[in-house]
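Okay, data-v9.pdb now, which holds PDB, C-alpha atoms and all ligand atoms:
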```
ATOM      1  CA  MET A   1     -10.216 -21.321 -22.007
ATOM      2  CA  ARG A   2     -13.508 -21.251 -23.828
ATOM      3  CA  ARG A   3     -15.993 -18.990 -22.025
ATOM      4  CA  GLY A   4     -18.454 -18.345 -24.837
ATOM      5  CA  LYS A   5     -20.304 -20.945 -26.905
ATOM      6  CA  PHE A   6     -19.403 -21.812 -30.465
ATOM      7  CA  ILE A   7     -22.402 -22.502 -32.696
ATOM      8  CA  THR A   8     -22.250 -23.444 -36.366
ATOM      9  CA  ILE A   9     -24.922 -23.734 -39.012
ATOM     10  CA  ASP A  10     -24.617 -25.861 -42.109
ATOM     11  CA  GLY A  11     -26.614 -27.420 -44.912
ATOM     12  CA  VAL A  12     -26.971 -27.543 -48.672
ATOM     13  CA  GLU A  13     -27.634 -24.472 -50.816
ATOM     14  CA  GLY A  14     -30.966 -22.794 -50.167
ATOM     15  CA  ALA A  15     -31.562 -24.601 -46.875
ATOM     16  CA  GLY A  16     -32.046 -21.210 -45.219
ATOM     17  CA  LYS A  17     -28.810 -20.700 -43.284
ATOM     18  CA  SER A  18     -28.586 -16.948 -43.864
ATOM     19  CA  THR A  19     -32.255 -16.544 -42.969
ATOM     20  CA  GLN A  20     -31.889 -18.471 -39.701
ATOM     21  CA  ILE A  21     -28.604 -16.786 -38.781
ATOM     22  CA  ASP A  22     -30.519 -13.504 -38.549
ATOM     23  CA  PHE A  23     -33.073 -15.217 -36.323
ATOM     24  CA  ILE A  24     -30.435 -16.754 -34.009
ATOM     25  CA  TYR A  25     -28.566 -13.440 -33.815
ATOM     26  CA  ASN A  26     -31.679 -11.561 -32.710
ATOM     27  CA  LEU A  27     -32.722 -14.272 -30.263
ATOM     28  CA  LEU A  28     -29.347 -14.447 -28.521
ATOM     29  CA  LYS A  29     -28.977 -10.665 -28.474
ATOM     30  CA  SER A  30     -32.384 -10.415 -26.783
ATOM     31  CA  LYS A  31     -31.003 -12.685 -24.025
ATOM     32  CA  GLY A  32     -28.100 -10.275 -23.479
ATOM     33  CA  ILE A  33     -25.525 -12.592 -25.054
ATOM     34  CA  LYS A  34     -22.539 -10.948 -26.747
ATOM     35  CA  LEU A  35     -22.365 -12.635 -30.127
ATOM     36  CA  ILE A  36     -20.243 -12.334 -33.234
ATOM     37  CA  LEU A  37     -21.242 -13.617 -36.657
ATOM     38  CA  THR A  38     -18.711 -15.132 -38.994
ATOM     39  CA  ARG A  39     -18.468 -17.526 -41.922
ATOM     40  CA  GLU A  40     -16.378 -20.098 -43.761
ATOM     41  CA  PRO A  41     -14.772 -19.820 -46.098
ATOM     42  CA  GLY A  42     -14.000 -16.250 -45.037
ATOM     43  CA  GLY A  43     -14.518 -14.500 -41.738
ATOM     44  CA  THR A  44     -11.033 -12.921 -41.673
ATOM     45  CA  ASP A  45      -9.282 -10.562 -44.115
ATOM     46  CA  LEU A  46      -7.120 -13.408 -45.377
ATOM     47  CA  GLY A  47     -10.063 -15.817 -45.326
ATOM     48  CA  GLU A  48     -12.144 -13.534 -47.550
ATOM     49  CA  LYS A  49      -9.314 -13.587 -50.105
ATOM     50  CA  ILE A  50      -9.167 -17.399 -49.893
ATOM     51  CA  ARG A  51     -12.957 -17.420 -50.362
ATOM     52  CA  GLU A  52     -12.585 -15.464 -53.597
ATOM     53  CA  LEU A  53     -10.084 -18.043 -54.835
ATOM     54  CA  LEU A  54     -12.320 -20.945 -53.813
ATOM     55  CA  LEU A  55     -15.640 -19.677 -55.094
ATOM     56  CA  GLY A  56     -14.653 -17.293 -57.904
ATOM     57  CA  ASN A  57     -15.239 -18.290 -61.480
ATOM     58  CA  ASP A  58     -11.943 -16.919 -62.768
ATOM     59  CA  ILE A  59     -10.171 -20.236 -62.097
ATOM     60  CA  ASP A  60     -11.118 -22.944 -64.606
ATOM     61  CA  SER A  61     -10.156 -25.915 -62.483
ATOM     62  CA  MET A  62      -8.826 -26.694 -59.039
ATOM     63  CA  HIS A  63      -7.530 -30.040 -57.811
ATOM     64  CA  SER A  64      -9.832 -31.411 -55.097
ATOM     65  CA  ASP A  65      -6.943 -31.762 -52.644
ATOM     66  CA  THR A  66      -6.032 -28.107 -53.221
ATOM     67  CA  GLU A  67      -9.643 -27.132 -52.544
ATOM     68  CA  LEU A  68      -9.586 -29.088 -49.284
ATOM     69  CA  LEU A  69      -6.250 -27.600 -48.213
ATOM     70  CA  LEU A  70      -7.487 -24.074 -48.926
ATOM     71  CA  MET A  71     -10.600 -24.746 -46.823
ATOM     72  CA  PHE A  72      -8.383 -25.816 -43.927
ATOM     73  CA  ALA A  73      -5.906 -22.938 -44.427
ATOM     74  CA  ASP A  74      -8.895 -20.601 -44.219
ATOM     75  CA  ARG A  75     -10.155 -22.465 -41.145
ATOM     76  CA  ASN A  76      -6.824 -22.243 -39.366
ATOM     77  CA  GLU A  77      -6.700 -18.465 -39.828
ATOM     78  CA  HIS A  78     -10.332 -18.231 -38.784
ATOM     79  CA  ILE A  79     -10.112 -20.140 -35.530
ATOM     80  CA  GLN A  80      -6.693 -18.890 -34.465
ATOM     81  CA  THR A  81      -7.256 -15.197 -35.100
ATOM     82  CA  LYS A  82     -10.992 -14.767 -34.660
ATOM     83  CA  VAL A  83     -13.030 -17.607 -33.211
ATOM     84  CA  ILE A  84     -10.880 -18.741 -30.282
ATOM     85  CA  PRO A  85      -9.955 -15.187 -29.134
ATOM     86  CA  ALA A  86     -13.645 -14.218 -29.220
ATOM     87  CA  LEU A  87     -14.690 -17.304 -27.214
ATOM     88  CA  GLU A  88     -11.926 -16.670 -24.690
ATOM     89  CA  SER A  89     -13.140 -13.101 -24.216
ATOM     90  CA  GLY A  90     -16.626 -14.414 -23.380
ATOM     91  CA  HIS A  91     -18.362 -13.791 -26.704
ATOM     92  CA  TRP A  92     -20.482 -16.428 -28.369
ATOM     93  CA  VAL A  93     -19.594 -17.118 -31.993
ATOM     94  CA  LEU A  94     -22.021 -18.155 -34.725
ATOM     95  CA  SER A  95     -20.362 -19.398 -37.903
ATOM     96  CA  ASP A  96     -22.076 -19.871 -41.248
ATOM     97  CA  ARG A  97     -20.488 -23.265 -42.078
ATOM     98  CA  PHE A  98     -17.529 -25.023 -40.453
ATOM     99  CA  THR A  99     -15.638 -28.348 -40.650
ATOM    100  CA  ASP A 100     -18.743 -30.460 -41.311
ATOM    101  CA  ALA A 101     -18.896 -28.700 -44.700
ATOM    102  CA  SER A 102     -15.466 -30.083 -45.600
ATOM    103  CA  TYR A 103     -16.657 -33.615 -44.869
ATOM    104  CA  ALA A 104     -19.837 -33.007 -46.853
ATOM    105  CA  TYR A 105     -18.512 -31.103 -49.897
ATOM    106  CA  GLN A 106     -14.950 -32.347 -50.247
ATOM    107  CA  GLY A 107     -15.606 -35.786 -48.724
ATOM    108  CA  GLY A 108     -19.107 -36.531 -50.009
ATOM    109  CA  GLY A 109     -19.249 -34.237 -53.031
ATOM    110  CA  ARG A 110     -15.699 -34.567 -54.359
ATOM    111  CA  GLY A 111     -15.215 -38.106 -53.042
ATOM    112  CA  LEU A 112     -12.037 -37.402 -51.061
ATOM    113  CA  ASP A 113     -11.033 -39.988 -48.479
ATOM    114  CA  VAL A 114     -12.575 -38.936 -45.164
ATOM    115  CA  LYS A 115      -9.570 -40.326 -43.306
ATOM    116  CA  ARG A 116      -7.430 -37.662 -44.942
ATOM    117  CA  ILE A 117      -9.958 -34.985 -43.982
ATOM    118  CA  ALA A 118      -9.893 -36.311 -40.420
ATOM    119  CA  GLU A 119      -6.077 -36.059 -40.396
ATOM    120  CA  LEU A 120      -6.293 -32.416 -41.423
ATOM    121  CA  GLU A 121      -9.004 -31.767 -38.872
ATOM    122  CA  LYS A 122      -6.805 -33.233 -36.154
ATOM    123  CA  TRP A 123      -3.789 -31.228 -37.293
ATOM    124  CA  VAL A 124      -5.576 -27.881 -37.596
ATOM    125  CA  LEU A 125      -8.277 -28.098 -34.953
ATOM    126  CA  GLN A 126      -6.606 -30.296 -32.336
ATOM    127  CA  GLY A 127      -9.936 -31.413 -30.930
ATOM    128  CA  PHE A 128     -11.641 -28.032 -31.203
ATOM    129  CA  VAL A 129     -15.294 -28.666 -32.133
ATOM    130  CA  PRO A 130     -18.446 -26.538 -31.999
ATOM    131  CA  ASP A 131     -20.664 -26.744 -28.917
ATOM    132  CA  LEU A 132     -23.670 -27.021 -31.188
ATOM    133  CA  THR A 133     -24.304 -27.372 -34.918
ATOM    134  CA  PHE A 134     -27.599 -26.816 -36.695
ATOM    135  CA  LEU A 135     -27.846 -28.879 -39.844
ATOM    136  CA  LEU A 136     -30.656 -27.431 -41.940
ATOM    137  CA  ASP A 137     -31.920 -30.214 -44.143
ATOM    138  CA  VAL A 138     -33.889 -29.821 -47.353
ATOM    139  CA  ASP A 139     -33.941 -31.991 -50.424
ATOM    140  CA  ILE A 140     -31.677 -30.692 -53.149
ATOM    141  CA  GLU A 141     -34.493 -29.777 -55.538
ATOM    142  CA  LEU A 142     -36.224 -27.591 -52.960
ATOM    143  CA  GLY A 143     -32.948 -25.861 -52.031
ATOM    144  CA  MET A 144     -32.215 -25.134 -55.688
ATOM    145  CA  ARG A 145     -35.726 -23.784 -56.268
ATOM    146  CA  ARG A 146     -35.280 -21.360 -53.394
ATOM    147  CA  ILE A 147     -32.076 -19.861 -54.808
ATOM    148  CA  LYS A 148     -33.087 -20.024 -58.472
ATOM    149  CA  SER A 149     -33.751 -16.310 -58.825
ATOM    150  CA  ARG A 150     -30.180 -15.461 -57.842
ATOM    151  CA  GLY A 151     -27.709 -14.281 -60.463
ATOM    152  CA  MET A 152     -24.559 -16.080 -61.471
ATOM    153  CA  LYS A 153     -23.578 -19.277 -59.662
ATOM    154  CA  ASP A 154     -20.213 -19.527 -57.917
ATOM    155  CA  ARG A 155     -17.660 -22.226 -58.800
ATOM    156  CA  ILE A 156     -19.043 -24.853 -56.395
ATOM    157  CA  GLU A 157     -22.690 -23.986 -57.025
ATOM    158  CA  GLN A 158     -22.162 -25.039 -60.648
ATOM    159  CA  GLU A 159     -21.727 -28.680 -59.606
ATOM    160  CA  THR A 160     -24.208 -31.378 -60.614
ATOM    161  CA  MET A 161     -27.321 -32.488 -58.745
ATOM    162  CA  ASP A 162     -25.535 -35.807 -58.025
ATOM    163  CA  PHE A 163     -22.745 -33.859 -56.346
ATOM    164  CA  PHE A 164     -25.226 -32.040 -54.087
ATOM    165  CA  ALA A 165     -27.103 -35.257 -53.344
ATOM    166  CA  ARG A 166     -23.825 -36.768 -52.067
ATOM    167  CA  VAL A 167     -23.202 -33.597 -50.033
ATOM    168  CA  ARG A 168     -26.607 -33.909 -48.410
ATOM    169  CA  ASP A 169     -26.109 -37.625 -47.666
ATOM    170  CA  SER A 170     -22.767 -36.885 -46.011
ATOM    171  CA  TYR A 171     -24.298 -34.202 -43.829
ATOM    172  CA  ILE A 172     -27.041 -36.576 -42.709
ATOM    173  CA  GLN A 173     -24.506 -39.304 -41.952
ATOM    174  CA  ARG A 174     -22.507 -36.880 -39.822
ATOM    175  CA  SER A 175     -25.594 -35.877 -37.868
ATOM    176  CA  GLN A 176     -26.133 -39.572 -37.147
ATOM    177  CA  MET A 177     -22.502 -39.987 -36.062
ATOM    178  CA  PHE A 178     -22.594 -36.965 -33.723
ATOM    179  CA  PRO A 179     -26.216 -36.669 -32.576
ATOM    180  CA  ASP A 180     -25.362 -34.745 -29.401
ATOM    181  CA  ARG A 181     -23.639 -31.963 -31.293
ATOM    182  CA  ILE A 182     -25.310 -31.899 -34.704
ATOM    183  CA  LYS A 183     -29.032 -31.175 -34.587
ATOM    184  CA  LEU A 184     -30.800 -32.130 -37.786
ATOM    185  CA  ILE A 185     -33.488 -29.555 -38.531
ATOM    186  CA  ASP A 186     -36.290 -30.173 -41.015
ATOM    187  CA  ALA A 187     -35.957 -26.965 -43.016
ATOM    188  CA  THR A 188     -38.567 -27.811 -45.648
ATOM    189  CA  LYS A 189     -41.450 -26.025 -43.969
ATOM    190  CA  SER A 190     -41.990 -22.311 -43.333
ATOM    191  CA  ILE A 191     -39.227 -19.998 -42.128
ATOM    192  CA  GLU A 192     -41.127 -19.635 -38.825
ATOM    193  CA  ASN A 193     -41.349 -23.408 -38.385
ATOM    194  CA  THR A 194     -37.585 -23.787 -38.864
ATOM    195  CA  SER A 195     -36.916 -20.903 -36.460
ATOM    196  CA  GLN A 196     -39.122 -22.520 -33.823
ATOM    197  CA  GLN A 197     -37.194 -25.815 -34.003
ATOM    198  CA  ILE A 198     -33.928 -23.887 -33.622
ATOM    199  CA  LYS A 199     -35.297 -21.830 -30.740
ATOM    200  CA  ASN A 200     -36.316 -24.923 -28.768
ATOM    201  CA  ILE A 201     -32.778 -26.307 -28.988
ATOM    202  CA  LEU A 202     -31.071 -22.978 -28.292
ATOM    203  CA  LEU A 203     -33.098 -22.333 -25.163
ATOM    204  CA  ASP A 204     -31.825 -25.668 -23.783
ATOM    205  CA  LEU A 205     -28.245 -24.576 -24.461
TER     206      LEU A 205
HETATM  207  N1  LIG B 301     -17.654 -25.058 -48.661
HETATM  208  C1  LIG B 301     -16.955 -26.226 -48.891
HETATM  209  O1  LIG B 301     -17.028 -26.778 -49.986
HETATM  210  N2  LIG B 301     -16.182 -26.744 -47.906
HETATM  211  C2  LIG B 301     -16.029 -26.142 -46.698
HETATM  212  O2  LIG B 301     -15.302 -26.641 -45.825
HETATM  213  C3  LIG B 301     -16.781 -24.938 -46.467
HETATM  214  C4  LIG B 301     -17.578 -24.433 -47.465
HETATM  215  C5  LIG B 301     -16.672 -24.254 -45.148
HETATM  216  C6  LIG B 301     -19.965 -21.386 -49.337
HETATM  217  O3  LIG B 301     -21.171 -20.884 -49.708
HETATM  218  C7  LIG B 301     -19.574 -22.514 -50.259
HETATM  219  O4  LIG B 301     -18.385 -23.095 -49.754
HETATM  220  C8  LIG B 301     -20.604 -23.592 -50.271
HETATM  221  C9  LIG B 301     -19.959 -24.775 -49.573
HETATM  222  C10 LIG B 301     -18.501 -24.503 -49.734
HETATM  223  N3  LIG B 301     -20.814 -23.981 -51.600
HETATM  224  N4  LIG B 301     -21.650 -24.093 -52.339
HETATM  225  N5  LIG B 301     -22.248 -24.300 -53.291
HETATM  226  P1  LIG B 301     -22.122 -20.133 -48.684
HETATM  227  O5  LIG B 301     -22.325 -20.936 -47.468
HETATM  228  O6  LIG B 301     -21.631 -18.758 -48.504
HETATM  229  O7  LIG B 301     -23.425 -20.035 -49.544
HETATM  230  P2  LIG B 301     -24.463 -21.111 -49.876
HETATM  231  O8  LIG B 301     -24.217 -22.437 -49.338
HETATM  232  O9  LIG B 301     -24.522 -21.014 -51.343
HETATM  233  O10 LIG B 301     -25.681 -20.612 -49.057
HETATM  234  P3  LIG B 301     -26.977 -20.035 -49.637
HETATM  235  O11 LIG B 301     -27.193 -20.467 -51.027
HETATM  236  O12 LIG B 301     -26.946 -18.556 -49.405
HETATM  237  O13 LIG B 301     -28.069 -20.759 -48.846
HETATM  238  P4  LIG B 301     -28.706 -20.434 -47.456
HETATM  239  O14 LIG B 301     -27.954 -19.349 -46.731
HETATM  240  O15 LIG B 301     -28.846 -21.718 -46.762
HETATM  241  O16 LIG B 301     -30.141 -19.908 -47.852
HETATM  242  P5  LIG B 301     -30.843 -18.466 -47.578
HETATM  243  O17 LIG B 301     -30.088 -17.379 -48.316
HETATM  244  O18 LIG B 301     -31.138 -18.269 -46.150
HETATM  245  O19 LIG B 301     -32.227 -18.768 -48.287
HETATM  246  C11 LIG B 301     -32.325 -18.909 -49.685
HETATM  247  C12 LIG B 301     -33.691 -18.343 -50.148
HETATM  248  O20 LIG B 301     -34.715 -19.178 -49.621
HETATM  249  C13 LIG B 301     -34.013 -16.937 -49.670
HETATM  250  O21 LIG B 301     -34.712 -16.273 -50.644
HETATM  251  C14 LIG B 301     -34.899 -17.162 -48.429
HETATM  252  O22 LIG B 301     -35.766 -16.118 -48.197
HETATM  253  C15 LIG B 301     -35.616 -18.430 -48.820
HETATM  254  N6  LIG B 301     -35.978 -19.296 -47.677
HETATM  255  C16 LIG B 301     -35.207 -19.577 -46.598
HETATM  256  N7  LIG B 301     -35.861 -20.404 -45.756
HETATM  257  C17 LIG B 301     -37.060 -20.669 -46.334
HETATM  258  C18 LIG B 301     -38.191 -21.455 -45.952
HETATM  259  N8  LIG B 301     -38.227 -22.160 -44.817
HETATM  260  N9  LIG B 301     -39.242 -21.492 -46.793
HETATM  261  C19 LIG B 301     -39.223 -20.786 -47.958
HETATM  262  N10 LIG B 301     -38.196 -20.007 -48.368
HETATM  263  C20 LIG B 301     -37.128 -19.946 -47.573
END
```
Please, can you express the file's structure as structure tokens?
Ligand code: Z5A
Amino acid sequence: MRRGKFITIDGVEGAGKSTQIDFIYNLLKSKGIKLILTREPGGTDLGEKIRELLLGNDIDSMHSDTELLLMFADRNEHIQTKVIPALESGHWVLSDRFTDASYAYQGGGRGLDVKRIAELEKWVLQGFVPDLTFLLDVDIELGMRRIKSRGMKDRIEQETMDFFARVRDSYIQRSQMFPDRIKLIDATKSIENTSQQIKNILLDL
């Protein structure tokens, strides 16, 4: 039985997820809500190892299906051992990325058949979906500019601009398919402006 709320945040690189996660954490804490932060890929001991495999640069190539399966293996461990137990104990959970990212990156970016992703989603998640998802939207160029000063790019970050444009399109399509759950946030303006849009939605929840 889910007693806490499950919130996810997603978007292309540099949209400001990490920045807004800090904001959401502080806002919910100030309301007395017990909240845990987590992420995908990762979030568990095993998941962090899978993350290294997925994002590390020591592997030259990875079949797209393998990438998708690893994302879902990570997700299974994450929800079964961390997310669901926390929600059942009354905590709220905020995850930096979740299943929408698989549709966007592996479906949109890699071009995998979304029906196959949906089959995996059904198998692993069995209808388990977030209560609320913030989709931070920026155009790809702006996102890239924001993260330009960072050091080396991970395996997925090295993809082409076309790849990331398809990722963004897929995210937007999903927000149109699930408007009640996925809230599209214009993340192109100031950090404070983005936070305010998030706050308005969170206070409703
Ligand atoms: N992935 C996948 O393929 N399939 C899946 O199913 C899942 C994931 C779950 C995980 O990376 C990778 O895994 C990701 C998708 C893939 N691949 N890629 N590429 P991640 O989520 O850990 O990291 P990231 O996507 O690379 O996030 P990021 O680059 O750290 O972006 P961010 O968290 O959205 O941005 P930020 O760190 O908050 O902000 C970036 C900079 O911009 C920073 O200096 C801020 O101060 C600044 N910033 C933020 N907001 C603003 C505004 N509003 N104005 C100006 N400057 C701002």
Original post:
Within 6 Å of ligand LIG 301 (chain B), counting all atoms listed in the file: which residues, as a list of chain:residue names?
Top reply: A:Val12, A:Glu13, A:Gly14, A:Ala15, A:Gly16, A:Lys17, A:Ser18, A:Thr19, A:Glu40, A:Pro41, A:Met71, A:Arg97, A:Phe98, A:Thr99, A:Ala101, A:Ser102, A:Tyr105, A:Gln106, A:Arg146, A:Ile147, A:Ile156, A:Glu157, A:Ala187, A:Thr188, A:Lys189, A:Ser190, A:Ile191
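Here CA of Ile117 in chain A is placed at a distance of 22.9 Å from CA of Gln158 in chain A.
Atom pair CA of Glu119 in chain A / CA of Lys183 in chain A has a distance of 24.2 Å (rounded to one decimal).
Between CA of Glu77 in chain A and CA of Gly47 in chain A the separation is 7.0 Å.
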- request: Excluding Arg75 in chain A and residues on its chain fewer than 6 positions from it, collect all residues at most 12 Å away from it, counting all atoms listed in the file, and give them as a PyMOL selection string.
  value: chain A and resi 38-44+46-48+50-51+68-69+81-84+95+97-102+120-121+123-125+128
As a PyMOL selection string, please: the residues near Ser64 in chain A (cut-off 9 Å, only C-alpha atoms, same-chain neighbours under 6 positions excluded). chain A and resi 106+110-112
Among A:Leu132, A:Ile59, A:Leu87, A:Ile21, Thr8 in chain A is approached most closely, using all atoms listed in the file, by A:Leu132
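Proximity to Arg181 in chain A was assessed for A:Leu54, A:Leu27, A:Val167, A:Ile201 counting all atoms listed in the file; the smallest distance is recorded for A:Ile201.
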Tell me which of A:Glu67, A:Ile36, A:Gly127, A:Gln196 sits closest to Leu94 in chain A, counting only C-alpha atoms.
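Among A:Glu67, A:Ile36, A:Gly127, A:Gln196, it is A:Ile36 that comes nearest to Leu94 in chain A.
Restricting the calculation to all atoms listed in the file, the smallest distance between Gly90 in chain A and any of A:Lys34, A:Lys153, A:Met177, A:Ile185 is found for A:Lys34.
Among the candidate residues A:Pro130, A:Gly151, A:Gly56, A:Gly108, the one lying nearest to Phe6 in chain A is A:Pro130, with distances computed using all atoms listed in the file.
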Find the residue from A:Asn193, A:Phe164, A:Pro179, A:Phe72 that sits nearest to Ala118 in chain A; use all atoms listed in the file when measuring.
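So, comparing all the options, the nearest one is A:Phe72.
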Would you kindly return, as a PDB file with C-alpha atoms, in the frame of the given file, each protein, DNA or RNA residue with an atom no farther than 8 Å from any atom of Lys5 in chain A, considering all atoms listed in the file and excluding same-chain residues fewer than 3 positions away?
```pdb
ATOM      1  CA  ARG A   2     -13.508 -21.251 -23.828  1.00  0.00           C
ATOM      2  CA  LEU A  87     -14.690 -17.304 -27.214  1.00  0.00           C
ATOM      3  CA  HIS A  91     -18.362 -13.791 -26.704  1.00  0.00           C
ATOM      4  CA  TRP A  92     -20.482 -16.428 -28.369  1.00  0.00           C
ATOM      5  CA  VAL A  93     -19.594 -17.118 -31.993  1.00  0.00           C
ATOM      6  CA  PRO A 130     -18.446 -26.538 -31.999  1.00  0.00           C
ATOM      7  CA  ASP A 131     -20.664 -26.744 -28.917  1.00  0.00           C
TER       8      ASP A 131
END
```
Given the PyMOL selection byres (((chain A and resi 11) around 6) and not hetatm) and the file above, list the residues it selects as an mmCIF file with C-alpha atoms, keeping the file's coordinate frame.
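File produced: part-v4.cif:
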```
data_model
loop_
_atom_site.group_PDB
_atom_site.id
_atom_site.type_symbol
_atom_site.label_atom_id
_atom_site.label_comp_id
_atom_site.auth_asym_id
_atom_site.auth_seq_id
_atom_site.Cartn_x
_atom_site.Cartn_y
_atom_site.Cartn_z
ATOM 1 C CA ASP A 10 -24.617 -25.861 -42.109
ATOM 2 C CA VAL A 12 -26.971 -27.543 -48.672
ATOM 3 C CA LEU A 135 -27.846 -28.879 -39.844
ATOM 4 C CA LEU A 136 -30.656 -27.431 -41.940
#
```
